[in-house]
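Peer 1: For reference, the structure I am asking about is given below.
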Amino acid sequence: MKVLALSGSNAGNSFNEKLLRVIMKNLDNKYDFDFATVKGLPMFKEGVEAPQNVLDLGKKIEDADMVLIGSPEQQHSVTSALKSALEWLSSSVHPFHDKPVVIVSTSPMPQGAARSQTRLKSILLLQALVHTYLTVTNS
Amino acid sequence: MMGFAPKQFDDEGRLTDEGTLKFLKHFFDEVDEWYAQLVK
């Protein structure tokens, strides 16, 4: 199964990216992983054609059987970088349509970015794009 | 959801708690079952 591990962080030293890399390293015997990040993508702007790096990310999502999103929490929600990417990816291209998505998260706080997961699930379902599966890992 | 992130990884980016890794593997077994239902 082809799985795209997508980091929703634009931080320089992201714990969520570390978590994704742990998963990729330890489960590479059962999944064919690829990695992508929202880091460096431009802010979404309505009415503008999606830039090439957004289209490239959309193609990676389309090509994957499943997308694994590492979703950090900012201000009780997803990062602005991830939200912006999802806006690009639900306007000029729609690679998440009927795409199975798995959400994982971690944070320095005891809740482990739980509110980010809840918010992301809501965003994805509102756009009717994906099947989601909420994960609870050790806290 | 994994809290206390700075304590969860060593300098090499590995998980410090074997139990977390064991749980992750179990979780992805459940993901496989979920995916199988989706594509059935």
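In the structure tokens, each chain is lettered A, B, ... as it comes, each chain's residues begin at 1, and ligands are numbered from 1 in order of appearance.
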List the spatial neighbours of A:Asn10 as a VMD selection string - criterion: any atom at most 12 Å away, only C-alpha atoms, same-chain residues fewer than 3 positions off excluded.
Peer 2: chain A and resid 6 to 7 13 to 17 36 to 42 70 to 74 78 to 85
Peer 1: Filtering to C-alpha atoms, could you give me those residues as a PDB file, in the first residue's frame?
Peer 2:
ATOM      1  CA  LEU A   6       2.294  14.509   5.154  1.00  0.00           C
ATOM      2  CA  SER A   7       3.697  16.832   7.791  1.00  0.00           C
ATOM      3  CA  ASN A  13      12.355  21.123  14.350  1.00  0.00           C
ATOM      4  CA  SER A  14       8.923  19.554  14.204  1.00  0.00           C
ATOM      5  CA  PHE A  15       7.913  16.879  16.702  1.00  0.00           C
ATOM      6  CA  ASN A  16       5.112  15.813  14.371  1.00  0.00           C
ATOM      7  CA  GLU A  17       7.582  15.312  11.549  1.00  0.00           C
ATOM      8  CA  ALA A  36       5.794  15.422   1.944  1.00  0.00           C
ATOM      9  CA  THR A  37       5.443  18.600   3.938  1.00  0.00           C
ATOM     10  CA  VAL A  38       3.403  21.774   3.791  1.00  0.00           C
ATOM     11  CA  LYS A  39       6.556  23.693   4.694  1.00  0.00           C
ATOM     12  CA  GLY A  40       7.333  26.295   2.049  1.00  0.00           C
ATOM     13  CA  LEU A  41       3.945  26.291   0.346  1.00  0.00           C
ATOM     14  CA  PRO A  42       2.510  29.770  -0.320  1.00  0.00           C
ATOM     15  CA  GLY A  70       0.989  14.586  11.235  1.00  0.00           C
ATOM     16  CA  SER A  71      -1.021  17.514  12.549  1.00  0.00           C
ATOM     17  CA  PRO A  72       0.491  19.915  15.089  1.00  0.00           C
ATOM     18  CA  GLU A  73      -1.715  22.160  17.185  1.00  0.00           C
ATOM     19  CA  GLN A  74      -1.661  25.964  17.159  1.00  0.00           C
ATOM     20  CA  VAL A  78      -4.443  23.034  12.966  1.00  0.00           C
ATOM     21  CA  THR A  79      -1.467  25.091  11.822  1.00  0.00           C
ATOM     22  CA  SER A  80      -2.162  27.901   9.388  1.00  0.00           C
ATOM     23  CA  ALA A  81       0.293  26.225   7.012  1.00  0.00           C
ATOM     24  CA  LEU A  82      -1.736  23.001   6.936  1.00  0.00           C
ATOM     25  CA  LYS A  83      -5.069  24.833   6.666  1.00  0.00           C
ATOM     26  CA  SER A  84      -3.738  26.892   3.783  1.00  0.00           C
ATOM     27  CA  ALA A  85      -2.519  23.750   2.003  1.00  0.00           C
TER      28      ALA A  85
END
Peer 1: Set the distance at 12 Å and use only C-alpha atoms: which residues neighbour stretch 10-21 of chain B once local chain neighbours fewer than 4 positions away are removed? I'd like the list as JSON, numbers by chain.
Peer 2: {"A": [13, 14, 15, 16, 17, 18, 19, 20, 21, 22, 23, 24, 25, 26, 27, 106, 136, 137, 138, 139], "B": [1, 2, 3, 4, 5, 6, 25, 26, 27, 28]}
Peer 1: Taking the DSSP assignment computed from this structure's backbone, write out as an mmCIF file with C-alpha atoms, in the first residue's frame all residues of chain B that belong to alpha helix (DSSP H).
Peer 2:
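Contents of result08.cif, freshly written:
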data_model
loop_
_atom_site.group_PDB
_atom_site.id
_atom_site.type_symbol
_atom_site.label_atom_id
_atom_site.label_comp_id
_atom_site.auth_asym_id
_atom_site.auth_seq_id
_atom_site.Cartn_x
_atom_site.Cartn_y
_atom_site.Cartn_z
ATOM 1 C CA ALA B 5 6.690 15.474 22.922
ATOM 2 C CA PRO B 6 10.155 16.692 24.008
ATOM 3 C CA LYS B 7 10.475 13.654 26.293
ATOM 4 C CA GLN B 8 9.232 11.169 23.696
ATOM 5 C CA GLU B 18 8.920 1.035 23.738
ATOM 6 C CA GLY B 19 5.271 0.938 24.766
ATOM 7 C CA THR B 20 4.473 3.824 22.448
ATOM 8 C CA LEU B 21 6.049 2.028 19.515
ATOM 9 C CA LYS B 22 4.148 -1.142 20.397
ATOM 10 C CA PHE B 23 0.933 0.851 20.504
ATOM 11 C CA LEU B 24 1.647 2.488 17.153
ATOM 12 C CA LYS B 25 2.129 -0.910 15.533
ATOM 13 C CA HIS B 26 -1.123 -2.127 17.034
ATOM 14 C CA PHE B 27 -2.858 1.034 15.877
ATOM 15 C CA PHE B 28 -1.734 0.511 12.290
ATOM 16 C CA ASP B 29 -3.024 -3.064 12.398
ATOM 17 C CA GLU B 30 -6.402 -1.463 13.097
ATOM 18 C CA VAL B 31 -5.812 1.006 10.271
ATOM 19 C CA ASP B 32 -5.272 -1.957 7.945
ATOM 20 C CA GLU B 33 -8.592 -3.471 9.022
ATOM 21 C CA TRP B 34 -10.318 -0.118 8.482
ATOM 22 C CA TYR B 35 -8.737 0.279 5.045
ATOM 23 C CA ALA B 36 -9.759 -3.244 4.055
ATOM 24 C CA GLN B 37 -13.370 -2.365 4.859
ATOM 25 C CA LEU B 38 -13.128 0.799 2.747
ATOM 26 C CA VAL B 39 -11.870 -0.919 -0.375
#
Peer 1: Quick one: residues within 8 Å of A:Asp34, only C-alpha atoms, excluding same-chain residues fewer than 2 positions away - as a count of residues only?
Peer 2: 6
